[in-house]
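One structure below.
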Protein chains: 2
Amino acid sequence: MNNSIQQLRQQHGWSQADLARHLGVSRQTVNALERGRYDPSLPLAFSIARLFGMAIEDVFQPVRD
Amino acid sequence: MNNSIQQLRQQHGWSQADLARHLGVSRQTVNALERGRYDPSLPLAFSIARLFGMAIEDVFQPVRD
DNA sequence: CACCTTTGTAAAGCGTGCTTTACGTTGAGG
DNA sequence: CCTCAACGTAAAGCACGCTTTACAAAGGTG
């Protein structure tokens with residue numbers, strides 16, 4: 001599962017800590033998501049998409065088989 | 001997080017076991033999702049939405065605070 | 001009645017999602 | 001040179017997502 005979190009965050013001029021605060025998660029979580037260490041939970045994916053005003057499908061791209 | 005899995009499954013005339021086979025998960029997982037015992041992982045949410053030809057946002061509805 | 005399908009549930013087990021605390025590196029600015 | 005912000009990473013710990021095996025209850029069909 002790839003995602004566009006880093007680009008979206010940088011477009012807003014936010015640090016990882018800024019984004020973490022907006023999402024209500026830890027900075028380490030934002031870092032792990034950006035670096036693809038794991039996928040967010042579905043509720044967190046919703047929070048991220050809503051924060052950036054996008055559909056989940058536009059923020060996250062399932063890796064094709 | 002509410003979801004429309006049961007209605008979508010029934011519209012297709014599928015049993016929980018049928019849906020589980022289409023998704024590649026266990027029947028117990030489908031049952032747990034329909035009954036709201038927990039939320040699916042993001043990849044599984046993608047599989048469900050794609051199987052029914054819908055957007056994730058149309059299958060899953062985050063509970064509002 | 002006997003059987004079969006469907007659904008609900010439980011327990012044990014494994015990997016993942018997220019936390020807190022903590023430390024190392026890099027780059028910009030005094 | 002020193003400092004500070006930002007990022008990357010690690011370890012321990014807890015809760016969740018999903019598995020397998022297993023059993024019980026309800027409804028239809030022979």
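Going through the structure tokens in order, the chains are called A, B, and so on, while each chain numbers its residues from 1 and the ligands are numbered from 1 in the order shown.
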Superposed chain A (on chain B, all in-order C-alpha pairs) as a PDB file with C-alpha atoms, in the first residue's frame:
ATOM      1  CA  MET A   1     -17.041   2.839  12.064  1.00  0.00           C
ATOM      2  CA  ASN A   2     -20.300   1.561  10.533  1.00  0.00           C
ATOM      3  CA  ASN A   3     -20.391  -0.341   7.275  1.00  0.00           C
ATOM      4  CA  SER A   4     -22.779  -1.628   4.625  1.00  0.00           C
ATOM      5  CA  ILE A   5     -21.176  -5.013   4.105  1.00  0.00           C
ATOM      6  CA  GLN A   6     -24.197  -7.091   5.037  1.00  0.00           C
ATOM      7  CA  GLN A   7     -26.581  -5.234   2.726  1.00  0.00           C
ATOM      8  CA  LEU A   8     -24.103  -5.383  -0.158  1.00  0.00           C
ATOM      9  CA  ARG A   9     -23.479  -9.084   0.423  1.00  0.00           C
ATOM     10  CA  GLN A  10     -27.190  -9.876   0.505  1.00  0.00           C
ATOM     11  CA  GLN A  11     -27.805  -7.837  -2.649  1.00  0.00           C
ATOM     12  CA  HIS A  12     -25.417 -10.232  -4.333  1.00  0.00           C
ATOM     13  CA  GLY A  13     -27.163 -13.278  -2.862  1.00  0.00           C
ATOM     14  CA  TRP A  14     -24.009 -14.382  -1.079  1.00  0.00           C
ATOM     15  CA  SER A  15     -23.526 -16.166   2.225  1.00  0.00           C
ATOM     16  CA  GLN A  16     -20.855 -14.902   4.598  1.00  0.00           C
ATOM     17  CA  ALA A  17     -18.741 -17.859   3.461  1.00  0.00           C
ATOM     18  CA  ASP A  18     -19.195 -16.847  -0.187  1.00  0.00           C
ATOM     19  CA  LEU A  19     -18.065 -13.321   0.524  1.00  0.00           C
ATOM     20  CA  ALA A  20     -15.144 -14.572   2.590  1.00  0.00           C
ATOM     21  CA  ARG A  21     -13.992 -16.693  -0.329  1.00  0.00           C
ATOM     22  CA  HIS A  22     -14.192 -13.749  -2.725  1.00  0.00           C
ATOM     23  CA  LEU A  23     -12.162 -11.640  -0.320  1.00  0.00           C
ATOM     24  CA  GLY A  24      -9.647 -14.267   0.634  1.00  0.00           C
ATOM     25  CA  VAL A  25     -10.398 -14.069   4.356  1.00  0.00           C
ATOM     26  CA  SER A  26     -12.088 -16.369   6.840  1.00  0.00           C
ATOM     27  CA  ARG A  27     -15.835 -16.555   7.336  1.00  0.00           C
ATOM     28  CA  GLN A  28     -15.352 -15.437  10.937  1.00  0.00           C
ATOM     29  CA  THR A  29     -13.704 -12.269   9.715  1.00  0.00           C
ATOM     30  CA  VAL A  30     -16.671 -11.413   7.489  1.00  0.00           C
ATOM     31  CA  ASN A  31     -19.029 -12.122  10.371  1.00  0.00           C
ATOM     32  CA  ALA A  32     -17.006  -9.920  12.741  1.00  0.00           C
ATOM     33  CA  LEU A  33     -16.945  -7.050  10.241  1.00  0.00           C
ATOM     34  CA  GLU A  34     -20.690  -7.227   9.602  1.00  0.00           C
ATOM     35  CA  ARG A  35     -21.417  -7.289  13.312  1.00  0.00           C
ATOM     36  CA  GLY A  36     -19.071  -4.362  13.921  1.00  0.00           C
ATOM     37  CA  ARG A  37     -16.731  -6.251  16.244  1.00  0.00           C
ATOM     38  CA  TYR A  38     -13.760  -4.543  14.625  1.00  0.00           C
ATOM     39  CA  ASP A  39     -12.748  -2.555  11.539  1.00  0.00           C
ATOM     40  CA  PRO A  40     -10.980  -4.147   8.578  1.00  0.00           C
ATOM     41  CA  SER A  41      -7.386  -3.325   7.756  1.00  0.00           C
ATOM     42  CA  LEU A  42      -7.005  -0.695   5.032  1.00  0.00           C
ATOM     43  CA  PRO A  43      -6.031  -3.280   2.377  1.00  0.00           C
ATOM     44  CA  LEU A  44      -9.085  -5.384   3.227  1.00  0.00           C
ATOM     45  CA  ALA A  45     -11.288  -2.273   3.087  1.00  0.00           C
ATOM     46  CA  PHE A  46      -9.935  -1.664  -0.420  1.00  0.00           C
ATOM     47  CA  SER A  47     -10.691  -5.261  -1.430  1.00  0.00           C
ATOM     48  CA  ILE A  48     -14.244  -5.006  -0.143  1.00  0.00           C
ATOM     49  CA  ALA A  49     -14.937  -1.688  -1.869  1.00  0.00           C
ATOM     50  CA  ARG A  50     -13.474  -2.874  -5.149  1.00  0.00           C
ATOM     51  CA  LEU A  51     -15.410  -6.144  -5.031  1.00  0.00           C
ATOM     52  CA  PHE A  52     -18.652  -4.200  -4.770  1.00  0.00           C
ATOM     53  CA  GLY A  53     -17.545  -1.513  -7.225  1.00  0.00           C
ATOM     54  CA  MET A  54     -17.837   1.254  -4.678  1.00  0.00           C
ATOM     55  CA  ALA A  55     -15.664   3.873  -3.005  1.00  0.00           C
ATOM     56  CA  ILE A  56     -14.419   3.086   0.484  1.00  0.00           C
ATOM     57  CA  GLU A  57     -16.308   6.135   1.727  1.00  0.00           C
ATOM     58  CA  ASP A  58     -19.548   4.615   0.433  1.00  0.00           C
ATOM     59  CA  VAL A  59     -19.043   1.261   2.146  1.00  0.00           C
ATOM     60  CA  PHE A  60     -17.666   2.531   5.461  1.00  0.00           C
ATOM     61  CA  GLN A  61     -19.046   5.415   7.492  1.00  0.00           C
ATOM     62  CA  PRO A  62     -16.885   6.731  10.332  1.00  0.00           C
ATOM     63  CA  VAL A  63     -18.994   7.270  13.438  1.00  0.00           C
ATOM     64  CA  ARG A  64     -19.352  10.956  14.095  1.00  0.00           C
ATOM     65  CA  ASP A  65     -18.023  12.216  17.436  1.00  0.00           C
TER      66      ASP A  65
END
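Excluding DA12 in chain C itself and any same-chain residue fewer than 2 positions from it, the protein and nucleic acid residues within 10 Å of it, counting only C-alpha atoms (C1' of nucleotides), are DA10 and DC14 of chain C; DT20 and DT21 of chain D.
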Let's have the selection written as a JSON list (two decimals), in the first residue's frame, with N, CA and C atoms (P, O5', C5', C4', C3', O3' and C1' of nucleotides).
[["chain", "number", "residue", "atom", "x", "y", "z"],
["C", 10, "DA", "P", -18.85, -15.04, 22.77],
["C", 10, "DA", "O5'", -17.76, -16.17, 22.99],
["C", 10, "DA", "C5'", -18.16, -17.49, 23.31],
["C", 10, "DA", "C4'", -16.93, -18.39, 23.31],
["C", 10, "DA", "C3'", -15.66, -17.64, 23.74],
["C", 10, "DA", "O3'", -14.96, -18.42, 24.69],
["C", 10, "DA", "C1'", -15.32, -18.71, 21.66],
["C", 14, "DC", "P", 2.16, -18.46, 18.38],
["C", 14, "DC", "O5'", 2.21, -17.46, 17.14],
["C", 14, "DC", "C5'", 1.69, -17.88, 15.88],
["C", 14, "DC", "C4'", 1.43, -16.65, 15.04],
["C", 14, "DC", "C3'", 2.55, -15.61, 15.18],
["C", 14, "DC", "O3'", 3.02, -15.25, 13.89],
["C", 14, "DC", "C1'", 0.43, -14.62, 15.52],
["D", 20, "DT", "P", -7.09, -20.10, 8.04],
["D", 20, "DT", "O5'", -7.05, -21.02, 9.35],
["D", 20, "DT", "C5'", -5.82, -21.55, 9.82],
["D", 20, "DT", "C4'", -6.08, -22.39, 11.06],
["D", 20, "DT", "C3'", -7.12, -23.49, 10.85],
["D", 20, "DT", "O3'", -6.59, -24.74, 11.29],
["D", 20, "DT", "C1'", -7.73, -22.14, 12.71],
["D", 21, "DT", "P", -7.41, -26.11, 10.99],
["D", 21, "DT", "O5'", -8.23, -26.34, 12.35],
["D", 21, "DT", "C5'", -7.54, -26.29, 13.58],
["D", 21, "DT", "C4'", -8.54, -26.37, 14.72],
["D", 21, "DT", "C3'", -9.68, -27.37, 14.51],
["D", 21, "DT", "O3'", -9.72, -28.27, 15.61],
["D", 21, "DT", "C1'", -10.52, -25.28, 15.20]]
Could you please select, counting only C-alpha atoms (C1' of nucleotides), the residues of chain D within 8 Å of chain B and state them as an mmCIF file with C-alpha atoms (C1' of nucleotides), in the first residue's frame?
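File out04.cif, as written:
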data_model
loop_
_atom_site.group_PDB
_atom_site.id
_atom_site.type_symbol
_atom_site.label_atom_id
_atom_site.label_comp_id
_atom_site.auth_asym_id
_atom_site.auth_seq_id
_atom_site.Cartn_x
_atom_site.Cartn_y
_atom_site.Cartn_z
ATOM 1 C "C1'" DC D 16 -6.590 -4.800 17.389
ATOM 2 C "C1'" DG D 17 -7.002 -7.712 12.885
ATOM 3 C "C1'" DC D 18 -7.150 -12.173 11.285
ATOM 4 C "C1'" DT D 19 -6.340 -17.173 11.490
#
(request) Hey, list the chain C side of the contact with chain B: 9 Å cut-off, only C-alpha atoms (C1' of nucleotides), answer as a PyMOL selection string. (result) chain C and resi 6-8
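In this model, the gap between C1' of DC1 in chain D and C1' of DA22 in chain C comes to 25.9 Å.
Distance-wise, C1' of DT3 in chain D and C1' of DT26 in chain C end up 13.2 Å apart.
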